[in-house]
$ cat data02.cif   # mmCIF, C-alpha atoms
data_structure
#
loop_
_atom_site.label_atom_id
_atom_site.label_comp_id
_atom_site.auth_asym_id
_atom_site.auth_seq_id
_atom_site.Cartn_x
_atom_site.Cartn_y
_atom_site.Cartn_z
CA MET V 1 -69.06 -40.83 29.12
CA ALA V 2 -70.79 -40.08 25.82
CA GLY V 3 -70.35 -36.59 24.37
CA PRO V 4 -73.07 -34.32 22.97
CA PRO V 5 -75.19 -36.04 20.31
CA ALA V 6 -74.98 -35.29 16.59
CA VAL V 7 -77.73 -33.02 15.27
CA ARG V 8 -78.93 -32.93 11.64
CA ILE V 9 -79.67 -29.30 10.69
CA GLY V 10 -81.11 -27.87 7.48
CA THR V 11 -82.40 -24.77 5.74
CA LEU V 12 -85.03 -24.35 3.01
CA ASN V 13 -86.68 -21.42 1.23
CA ILE V 14 -90.20 -22.57 0.28
CA ALA V 15 -91.20 -19.45 -1.74
CA SER V 16 -94.61 -19.31 -0.01
CA GLY V 17 -95.20 -22.96 -0.85
CA ARG V 18 -94.85 -22.62 -4.60
CA SER V 19 -93.90 -25.65 -6.65
CA ALA V 20 -91.08 -25.67 -9.18
CA ILE V 21 -93.54 -24.88 -11.98
CA GLY V 22 -95.27 -22.06 -10.13
CA PRO V 23 -98.59 -23.04 -8.47
CA VAL V 24 -98.82 -22.99 -4.68
CA LEU V 25 -98.97 -26.50 -3.23
CA ALA V 26 -102.10 -27.61 -1.40
CA PRO V 27 -101.58 -28.37 2.32
CA GLY V 28 -101.30 -32.11 1.75
CA GLU V 29 -98.78 -31.60 -1.05
CA LEU V 30 -96.73 -29.20 1.08
CA ARG V 31 -96.70 -31.67 3.96
CA ALA V 32 -95.56 -34.46 1.65
CA ALA V 33 -92.88 -32.26 0.05
CA VAL V 34 -90.87 -32.12 3.29
CA ALA V 35 -91.86 -35.45 4.84
CA GLY V 36 -88.77 -37.25 3.57
CA LEU V 37 -86.28 -34.62 4.66
CA ASP V 38 -83.96 -36.18 7.25
CA VAL V 39 -83.42 -33.34 9.72
CA ASP V 40 -83.66 -32.77 13.46
CA VAL V 41 -83.87 -28.98 13.01
CA LEU V 42 -85.00 -27.04 9.92
CA ALA V 43 -84.95 -23.29 9.25
CA VAL V 44 -87.58 -22.26 6.66
CA GLN V 45 -87.94 -18.95 4.85
CA GLU V 46 -90.83 -17.27 2.97
CA VAL V 47 -93.59 -18.88 5.03
CA ASP V 48 -97.23 -17.77 4.60
CA ALA V 49 -100.01 -17.84 7.16
CA ASP V 50 -103.64 -16.96 6.38
CA GLN V 51 -102.65 -15.54 2.96
CA PRO V 52 -105.25 -15.58 0.16
CA ARG V 53 -102.54 -16.56 -2.35
CA SER V 54 -101.85 -19.80 -0.43
CA ALA V 55 -105.48 -20.72 0.38
CA ARG V 56 -105.32 -19.26 3.92
CA THR V 57 -103.03 -22.14 4.93
CA ASP V 58 -100.96 -21.94 8.10
CA GLN V 59 -97.87 -23.21 6.33
CA ALA V 60 -95.79 -23.43 9.51
CA ALA V 61 -98.29 -25.84 11.07
CA VAL V 62 -98.41 -27.91 7.86
CA LEU V 63 -94.61 -28.08 7.66
CA ALA V 64 -94.39 -29.12 11.32
CA ALA V 65 -96.74 -32.02 10.59
CA GLY V 66 -94.76 -33.06 7.52
CA LEU V 67 -91.48 -32.95 9.42
CA THR V 68 -92.96 -34.57 12.56
CA ALA V 69 -91.41 -31.66 14.44
CA PRO V 70 -93.56 -30.85 17.48
CA HIS V 71 -91.39 -27.93 18.58
CA TRP V 72 -91.61 -24.87 16.33
CA ARG V 73 -91.92 -21.13 16.23
CA ALA V 74 -92.94 -18.84 13.38
CA ALA V 75 -91.96 -15.17 13.22
CA ALA V 76 -93.79 -12.79 10.90
CA THR V 77 -91.83 -10.03 9.22
CA LEU V 78 -94.86 -8.27 7.76
CA VAL V 79 -98.63 -8.08 8.08
CA GLY V 80 -100.38 -8.23 4.72
CA THR V 81 -99.12 -9.65 1.44
CA PRO V 82 -95.72 -8.80 -0.08
CA ASP V 83 -96.29 -6.72 -3.20
CA PRO V 84 -94.76 -3.85 -5.17
CA PHE V 85 -97.23 -1.35 -3.70
CA ARG V 86 -96.13 -1.55 -0.05
CA SER V 87 -99.68 -2.37 0.98
CA TRP V 88 -98.32 -4.35 3.94
CA SER V 89 -97.01 -3.11 7.27
CA PRO V 90 -93.99 -4.28 9.32
CA ALA V 91 -94.78 -6.88 11.98
CA VAL V 92 -93.66 -6.45 15.58
CA PRO V 93 -90.93 -9.06 16.23
CA ALA V 94 -92.69 -11.90 18.06
CA LEU V 95 -92.91 -15.67 18.11
CA ARG V 96 -95.95 -17.86 17.38
CA GLY V 97 -96.04 -21.54 18.28
CA PRO V 98 -98.26 -24.62 17.92
CA ASP V 99 -100.84 -23.29 20.37
CA ASP V 100 -101.19 -19.87 18.72
CA ALA V 101 -103.53 -18.97 15.89
CA ALA V 102 -102.15 -17.08 12.92
CA ASN V 103 -103.56 -13.55 12.96
CA GLY V 104 -103.01 -12.99 9.28
CA PRO V 105 -102.39 -12.56 6.58
CA VAL V 106 -98.72 -12.63 7.61
CA TYR V 107 -95.44 -13.72 6.05
CA GLY V 108 -92.02 -14.52 7.51
CA ILE V 109 -89.82 -17.39 8.66
CA ALA V 110 -90.09 -20.44 10.91
CA LEU V 111 -87.81 -22.80 12.82
CA PHE V 112 -88.73 -26.44 13.46
CA SER V 113 -87.21 -29.02 15.81
CA ARG V 114 -87.81 -32.69 16.50
CA LEU V 115 -85.65 -32.26 19.60
CA ALA V 116 -86.66 -30.51 22.81
CA VAL V 117 -86.04 -26.76 22.79
CA ARG V 118 -84.85 -25.24 26.07
CA GLU V 119 -85.38 -21.61 25.10
CA TRP V 120 -86.66 -19.56 22.14
CA SER V 121 -85.67 -15.99 21.30
CA VAL V 122 -86.26 -13.51 18.47
CA LEU V 123 -84.43 -10.50 17.02
CA GLY V 124 -85.77 -7.91 14.58
CA LEU V 125 -83.22 -6.96 11.93
CA GLY V 126 -85.01 -4.08 10.20
CA SER V 127 -85.04 -3.44 6.45
CA GLY V 128 -83.35 -1.37 3.80
CA ARG V 129 -84.50 1.10 1.15
CA ALA V 130 -83.55 -0.96 -1.90
CA ARG V 131 -86.08 -2.27 -4.42
CA LEU V 132 -85.74 -5.49 -6.37
CA PRO V 133 -86.87 -5.76 -10.03
CA VAL V 134 -89.23 -8.73 -10.32
CA LYS V 135 -91.21 -9.83 -13.38
CA GLY V 136 -94.81 -10.71 -12.60
CA PRO V 137 -98.43 -10.40 -13.76
CA ASP V 138 -100.14 -7.03 -13.88
CA PRO V 139 -103.52 -7.41 -12.10
CA ARG V 140 -105.03 -4.79 -14.42
CA THR V 141 -104.04 -6.40 -17.73
CA GLY V 142 -103.01 -9.96 -16.88
CA GLY V 143 -99.79 -9.47 -18.84
CA LEU V 144 -96.27 -9.75 -17.46
CA ARG V 145 -94.35 -6.62 -16.54
CA TRP V 146 -91.42 -5.58 -14.36
CA TRP V 147 -92.18 -4.42 -10.82
CA TRP V 148 -89.90 -2.73 -8.30
CA VAL V 149 -90.51 -4.69 -5.10
CA PRO V 150 -89.55 -2.95 -1.81
CA ASP V 151 -87.44 -4.75 0.76
CA GLU V 152 -89.39 -6.12 3.70
CA PRO V 153 -88.25 -6.24 7.33
CA ARG V 154 -86.10 -9.19 8.34
CA ILE V 155 -85.97 -11.24 11.54
CA ALA V 156 -84.03 -14.02 13.28
CA VAL V 157 -85.26 -16.85 15.52
CA ALA V 158 -83.03 -18.83 17.90
CA ALA V 159 -83.71 -22.24 19.45
CA ARG V 160 -81.44 -23.39 22.28
CA LEU V 161 -81.16 -27.18 22.30
CA ASP V 162 -79.13 -29.34 24.65
CA ALA V 163 -76.23 -29.68 22.20
CA VAL V 164 -76.39 -26.53 20.08
CA THR V 165 -78.22 -23.23 19.52
CA VAL V 166 -79.69 -22.89 16.02
CA VAL V 167 -80.43 -19.43 14.60
CA ALA V 168 -82.74 -19.12 11.58
CA THR V 169 -82.96 -16.05 9.38
CA HIS V 170 -83.63 -14.64 5.90
CA LEU V 171 -81.59 -11.56 5.09
CA SER V 172 -82.26 -8.68 2.68
CA PHE V 173 -81.88 -9.08 -1.08
CA ALA V 174 -79.81 -5.86 -1.05
CA PRO V 175 -76.19 -6.85 -0.25
CA PRO V 176 -75.29 -3.72 1.80
CA THR V 177 -78.38 -4.21 3.96
CA ALA V 178 -77.74 -7.96 4.28
CA VAL V 179 -74.18 -7.25 5.46
CA ARG V 180 -75.47 -4.79 8.06
CA GLN V 181 -78.03 -7.34 9.26
CA LEU V 182 -75.38 -10.05 9.41
CA ARG V 183 -73.17 -7.87 11.60
CA ARG V 184 -76.09 -7.25 13.95
CA LEU V 185 -76.69 -10.99 14.06
CA ARG V 186 -73.03 -11.55 14.92
CA ARG V 187 -73.33 -9.35 18.01
CA TRP V 188 -76.57 -11.07 19.06
CA MET V 189 -75.23 -14.58 18.55
CA ALA V 190 -72.16 -13.78 20.65
CA ALA V 191 -74.47 -13.58 23.67
CA LEU V 192 -76.33 -16.84 22.92
CA PRO V 193 -75.36 -20.12 24.59
CA GLY V 194 -72.86 -21.82 22.32
CA PRO V 195 -72.02 -23.55 20.14
CA VAL V 196 -74.18 -21.78 17.51
CA VAL V 197 -75.25 -22.70 13.96
CA LEU V 198 -76.67 -20.00 11.69
CA ALA V 199 -79.10 -21.42 9.11
CA GLY V 200 -80.93 -19.60 6.36
CA ASP V 201 -81.16 -17.80 3.05
CA LEU V 202 -78.59 -15.06 3.65
CA ASN V 203 -78.79 -13.59 0.14
CA LEU V 204 -75.00 -13.31 0.17
CA PRO V 205 -72.96 -15.59 -2.09
CA GLY V 206 -70.28 -18.18 -1.54
CA SER V 207 -67.80 -17.71 1.27
CA LEU V 208 -68.74 -14.09 2.05
CA PRO V 209 -71.07 -14.74 5.03
CA ALA V 210 -68.56 -17.07 6.70
CA ARG V 211 -65.77 -14.52 6.25
CA LEU V 212 -67.86 -11.69 7.67
CA LEU V 213 -68.82 -13.76 10.71
CA GLY V 214 -65.47 -15.47 11.22
CA ALA V 215 -67.53 -18.68 10.95
CA THR V 216 -67.01 -22.12 9.42
CA ALA V 217 -69.11 -23.09 6.40
CA LEU V 218 -70.59 -26.52 7.09
CA VAL V 219 -71.87 -27.00 3.51
CA ARG V 220 -70.24 -25.54 0.40
CA THR V 221 -72.39 -25.99 -2.71
CA PRO V 222 -74.57 -23.88 -5.01
CA SER V 223 -78.20 -23.79 -3.89
CA PHE V 224 -80.01 -21.30 -6.19
CA PRO V 225 -81.88 -21.61 -8.46
CA ALA V 226 -82.98 -25.09 -7.51
CA ALA V 227 -83.10 -26.65 -10.99
CA GLU V 228 -79.62 -25.52 -12.08
CA PRO V 229 -77.93 -23.85 -9.11
CA ARG V 230 -75.25 -21.25 -9.82
CA LEU V 231 -74.99 -19.45 -6.47
CA GLN V 232 -74.84 -20.48 -2.85
CA LEU V 233 -77.27 -18.08 -1.14
CA ASP V 234 -78.35 -20.60 1.52
CA HIS V 235 -75.91 -21.29 4.32
CA LEU V 236 -75.25 -23.45 7.36
CA LEU V 237 -72.49 -21.80 9.38
CA ALA V 238 -70.79 -22.83 12.63
CA VAL V 239 -70.31 -19.58 14.53
CA GLY V 240 -67.40 -19.88 16.92
CA ALA V 241 -65.47 -23.00 17.89
CA GLY V 242 -66.66 -26.42 18.95
CA LEU V 243 -68.50 -27.79 15.90
CA ARG V 244 -67.75 -29.60 12.67
CA GLY V 245 -70.00 -30.69 9.84
CA HIS V 246 -70.41 -34.14 8.29
CA ASP V 247 -72.40 -35.52 5.36
CA GLY V 248 -73.55 -32.19 3.93
CA ALA V 249 -76.11 -32.35 1.13
CA ALA V 250 -78.13 -30.18 -1.26
CA THR V 251 -81.54 -31.63 -2.13
CA VAL V 252 -84.13 -30.63 -4.74
CA LEU V 253 -87.61 -30.75 -3.20
CA PRO V 254 -91.06 -30.36 -4.82
CA VAL V 255 -91.40 -26.95 -3.15
CA GLY V 256 -89.49 -23.67 -3.36
CA ASP V 257 -86.93 -22.24 -5.75
CA HIS V 258 -83.85 -23.05 -3.64
CA ARG V 259 -82.30 -26.41 -2.84
CA ALA V 260 -82.54 -27.59 0.75
CA LEU V 261 -79.17 -27.72 2.49
CA THR V 262 -78.60 -30.23 5.31
CA VAL V 263 -75.63 -31.25 7.43
CA THR V 264 -74.91 -33.36 10.51
CA VAL V 265 -73.27 -31.24 13.20
CA LEU V 266 -70.84 -32.88 15.61
CA PRO V 267 -68.60 -31.63 18.42
CA SER V 268 -65.12 -30.91 17.08
#
$ encode --input "data02.cif" --output "C-alpha cells"
Amino acid sequence: MAGPPAVRIGTLNIASGRSAIGPVLAPGELRAAVAGLDVDVLAVQEVDADQPRSARTDQAAVLAAGLTAPHWRAAATLVGTPDPFRSWSPAVPALRGPDDAANGPVYGIALFSRLAVREWSVLGLGSGRARLPVKGPDPRTGGLRWWWVPDEPRIAVAARLDAVTVVATHLSFAPPTAVRQLRRLRRWMAALPGPVVLAGDLNLPGSLPARLLGATALVRTPSFPAAEPRLQLDHLLAVGAGLRGHDGAATVLPVGDHRALTVTVLPS
C-alpha cells in the first residue's frame, strides 16, 4: 500500500507586491512573478488587499491565479495602511477565501494550496510595543528620513491537508515579541492534526526558531535580503516527528525582498 504523498511546501514575503527595485508590480506582473514556483502549498506574508499603494489589488486572489491554487485563505492583521503614525487599527482574526470580497484596505498574510484542504483555522498572536527604524519618504517634503514604525498585530493560518497540516505566519520584527508569539504557536500547533509544517517569515535568525520549537529545519540557507542574503529569517520547520525534507531551495523572484524557500516534505 502506498504511503502518504510528498508535498512541496514554500514560503515567500512579497513586501506588498514590490519589485526588487521598489515599484509595486501590476496584477499581471505579480501573477507572472509566482507562476513558475513549483509548490503545492505556499505561505505568503505582507499581502495587500484594496490598498491605494498597490492599486486596490486583491493580491491574494492574484497570487492564487498565478499559482493555480484554488484553495486559499487570507487573514488580515490590520485595517488601514501600515505607517509610522498608527493610522490603522488591528483586524479581528478571521479568514477570507475565494468567495469573499476584500473589505479594505487591509494587510496581512495568506496561505495557498493546490491540494484539497480538509479544514482551515486561524490564531491571533497579538503585537508588541517595539518600533522599527525604517528610512522612507516624508510626504510633506518628499525627502527621505527615518521613521519609527510601530509593530502590527500578527496572525497564523493553518490548512489541514490529507498528508500534513501547514501553518503560515509572519512574526514580529522585535525578537522578544517574536519568541513569545512562537511559544504561543507551539501550544496551538500541539493540538493540530499532525504532522505539522510551520512556514513563514519568523523574523528570528538561523537555528533559533527550530531550537525554541524542538522542530526540524527542513531548509537551512540565508534568505534575506534577496539579492545578497545574509540571514535566514524565513523558515520551513517540521514540528514533531514523522516528516523529513528533500530538495530544499532558495529562489530569487521578481517580487519581494526575501528569497522564496521551498522543500518537498516526505514521511520519515
$ residues_around --input "data02.cif" --residues "stretch 174-178 of chain V" --least-positions-apart "3" --cutoff "12 Å" --atoms "only C-alpha atoms" --output "PyMOL selection string"
chain V and resi 125-133+149-155+169-171+181-185+201-205+208-209+212+233
$ write_last_selection --input "data02.cif" --atoms "C-alpha atoms" --output "mmCIF file, in the frame of the given file"
data_model
loop_
_atom_site.group_PDB
_atom_site.id
_atom_site.type_symbol
_atom_site.label_atom_id
_atom_site.label_comp_id
_atom_site.auth_asym_id
_atom_site.auth_seq_id
_atom_site.Cartn_x
_atom_site.Cartn_y
_atom_site.Cartn_z
ATOM 1 C CA LEU V 125 -83.220 -6.960 11.930
ATOM 2 C CA GLY V 126 -85.010 -4.080 10.200
ATOM 3 C CA SER V 127 -85.040 -3.440 6.450
ATOM 4 C CA GLY V 128 -83.350 -1.370 3.800
ATOM 5 C CA ARG V 129 -84.500 1.100 1.150
ATOM 6 C CA ALA V 130 -83.550 -0.960 -1.900
ATOM 7 C CA ARG V 131 -86.080 -2.270 -4.420
ATOM 8 C CA LEU V 132 -85.740 -5.490 -6.370
ATOM 9 C CA PRO V 133 -86.870 -5.760 -10.030
ATOM 10 C CA VAL V 149 -90.510 -4.690 -5.100
ATOM 11 C CA PRO V 150 -89.550 -2.950 -1.810
ATOM 12 C CA ASP V 151 -87.440 -4.750 0.760
ATOM 13 C CA GLU V 152 -89.390 -6.120 3.700
ATOM 14 C CA PRO V 153 -88.250 -6.240 7.330
ATOM 15 C CA ARG V 154 -86.100 -9.190 8.340
ATOM 16 C CA ILE V 155 -85.970 -11.240 11.540
ATOM 17 C CA THR V 169 -82.960 -16.050 9.380
ATOM 18 C CA HIS V 170 -83.630 -14.640 5.900
ATOM 19 C CA LEU V 171 -81.590 -11.560 5.090
ATOM 20 C CA GLN V 181 -78.030 -7.340 9.260
ATOM 21 C CA LEU V 182 -75.380 -10.050 9.410
ATOM 22 C CA ARG V 183 -73.170 -7.870 11.600
ATOM 23 C CA ARG V 184 -76.090 -7.250 13.950
ATOM 24 C CA LEU V 185 -76.690 -10.990 14.060
ATOM 25 C CA ASP V 201 -81.160 -17.800 3.050
ATOM 26 C CA LEU V 202 -78.590 -15.060 3.650
ATOM 27 C CA ASN V 203 -78.790 -13.590 0.140
ATOM 28 C CA LEU V 204 -75.000 -13.310 0.170
ATOM 29 C CA PRO V 205 -72.960 -15.590 -2.090
ATOM 30 C CA LEU V 208 -68.740 -14.090 2.050
ATOM 31 C CA PRO V 209 -71.070 -14.740 5.030
ATOM 32 C CA LEU V 212 -67.860 -11.690 7.670
ATOM 33 C CA LEU V 233 -77.270 -18.080 -1.140
#
$ residues_near_point --input "data02.cif" --point "(-81.7, -14.3, 23.1)" --cutoff "7 Å" --atoms "only C-alpha atoms" --output "PDB file with C-alpha atoms, in the coordinates of the input"
ATOM      1  CA  SER V 121     -85.670 -15.990  21.300  1.00  0.00           C
ATOM      2  CA  VAL V 122     -86.260 -13.510  18.470  1.00  0.00           C
ATOM      3  CA  LEU V 192     -76.330 -16.840  22.920  1.00  0.00           C
TER       4      LEU V 192
END
$ resolve_selection --input "data02.cif" --expression "the PyMOL selection byres ((chain V and resi 113) around 10)" --output "list in words"
Ile9, Val39, Asp40, Val41, Leu42, Ala43, Ala64, Leu67, Thr68, Ala69, Pro70, His71, Trp72, Arg73, Leu111, Phe112, Arg114, Leu115, Ala116, Val117, Ala159, Leu161 and Val166 of chain V
$ closest_residue --input "data02.cif" --among "V:Ala65, V:Ala6, V:Leu243, V:Val167" --to "V:Ala35" --atoms "all atoms listed in the file"
V:Ala65
$ resolve_selection --input "data02.cif" --expression "the PyMOL selection byres ((chain V and resi 88) around 12)" --output "list in words"
Ala76, Thr77, Leu78, Val79, Gly80, Thr81, Pro82, Asp83, Pro84, Phe85, Arg86, Ser87, Ser89, Pro90, Ala91, Gly104, Pro105, Val106, Tyr107, Val149, Pro150, Asp151, Glu152 and Pro153 of chain V
$ atom_distance --input "data02.cif" --atom1 "atom CA of V:Ile14" --atom2 "atom CA of V:Ala49"
12.9 Å
$ resolve_selection --input "data02.cif" --expression "the PyMOL selection byres ((chain V and resi 260) around 6)" --output "PyMOL selection string"
chain V and resi 11-12+250-251+259+261
$ atom_distance --input "data02.cif" --atom1 "atom CA of V:Ile109" --atom2 "atom CA of V:Trp146"
25.9 Å
$ decode --input "data02.cif" --residues "stretch 37-62 of chain V" --atoms "N, CA and C atoms" --output "CSV table (one decimal), in the first residue's frame"
chain,number,residue,atom,x,y,z
V,37,LEU,N,6.7,29.0,-9.8
V,37,LEU,CA,7.1,28.5,-8.5
V,37,LEU,C,6.5,27.1,-8.3
V,38,ASP,N,7.3,26.1,-8.2
V,38,ASP,CA,6.8,24.7,-8.1
V,38,ASP,C,6.5,24.3,-6.7
V,39,VAL,N,5.2,24.6,-6.3
V,39,VAL,CA,4.8,24.3,-4.9
V,39,VAL,C,3.4,23.8,-4.9
V,40,ASP,N,3.1,22.9,-4.0
V,40,ASP,CA,1.7,22.5,-3.7
V,40,ASP,C,1.0,23.5,-2.7
V,41,VAL,N,1.8,24.0,-1.8
V,41,VAL,CA,1.3,24.8,-0.7
V,41,VAL,C,2.3,26.0,-0.5
V,42,LEU,N,1.8,27.2,-0.4
V,42,LEU,CA,2.7,28.4,-0.3
V,42,LEU,C,2.1,29.3,0.8
V,43,ALA,N,3.0,29.7,1.8
V,43,ALA,CA,2.6,30.7,2.8
V,43,ALA,C,3.2,32.0,2.3
V,44,VAL,N,2.4,33.1,2.3
V,44,VAL,CA,2.8,34.4,1.8
V,44,VAL,C,2.6,35.4,2.8
V,45,GLN,N,3.6,36.3,3.0
V,45,GLN,CA,3.5,37.4,4.0
V,45,GLN,C,3.5,38.7,3.3
V,46,GLU,N,2.9,39.7,4.1
V,46,GLU,CA,2.9,41.1,3.6
V,46,GLU,C,2.0,41.2,2.4
V,47,VAL,N,0.8,40.8,2.5
V,47,VAL,CA,-0.2,40.8,1.4
V,47,VAL,C,-1.2,41.9,1.5
V,48,ASP,N,-1.3,42.7,0.5
V,48,ASP,CA,-2.3,43.8,0.4
V,48,ASP,C,-3.6,43.4,-0.2
V,49,ALA,N,-4.7,44.1,0.3
V,49,ALA,CA,-6.0,44.0,-0.4
V,49,ALA,C,-6.6,45.3,-0.3
V,50,ASP,N,-7.0,45.8,-1.5
V,50,ASP,CA,-7.8,47.1,-1.6
V,50,ASP,C,-6.9,48.3,-1.0
V,51,GLN,N,-5.6,48.2,-1.1
V,51,GLN,CA,-4.7,49.3,-0.7
V,51,GLN,C,-4.5,50.3,-1.8
V,52,PRO,N,-4.5,51.6,-1.5
V,52,PRO,CA,-4.2,52.6,-2.6
V,52,PRO,C,-2.8,52.4,-3.1
V,53,ARG,N,-1.8,52.0,-2.2
V,53,ARG,CA,-0.4,51.9,-2.6
V,53,ARG,C,-0.2,50.8,-3.6
V,54,SER,N,-1.1,49.8,-3.7
V,54,SER,CA,-1.0,48.7,-4.6
V,54,SER,C,-2.2,48.6,-5.6
V,55,ALA,N,-2.7,49.8,-5.9
V,55,ALA,CA,-3.7,49.9,-7.0
V,55,ALA,C,-5.0,49.2,-6.7
V,56,ARG,N,-5.3,49.1,-5.3
V,56,ARG,CA,-6.6,48.5,-4.9
V,56,ARG,C,-6.6,47.0,-5.3
V,57,THR,N,-5.5,46.4,-5.6
V,57,THR,CA,-5.5,45.0,-6.0
V,57,THR,C,-5.7,44.0,-4.8
V,58,ASP,N,-6.5,43.0,-5.1
V,58,ASP,CA,-6.6,41.9,-4.1
V,58,ASP,C,-5.5,40.9,-4.4
V,59,GLN,N,-4.4,41.2,-3.7
V,59,GLN,CA,-3.2,40.4,-4.1
V,59,GLN,C,-3.3,38.9,-3.8
V,60,ALA,N,-4.1,38.5,-2.8
V,60,ALA,CA,-4.3,37.1,-2.6
V,60,ALA,C,-4.9,36.4,-3.8
V,61,ALA,N,-6.0,37.1,-4.3
V,61,ALA,CA,-6.6,36.5,-5.5
V,61,ALA,C,-5.7,36.4,-6.7
V,62,VAL,N,-4.9,37.4,-6.9
V,62,VAL,CA,-3.9,37.4,-8.0
V,62,VAL,C,-2.9,36.3,-7.8
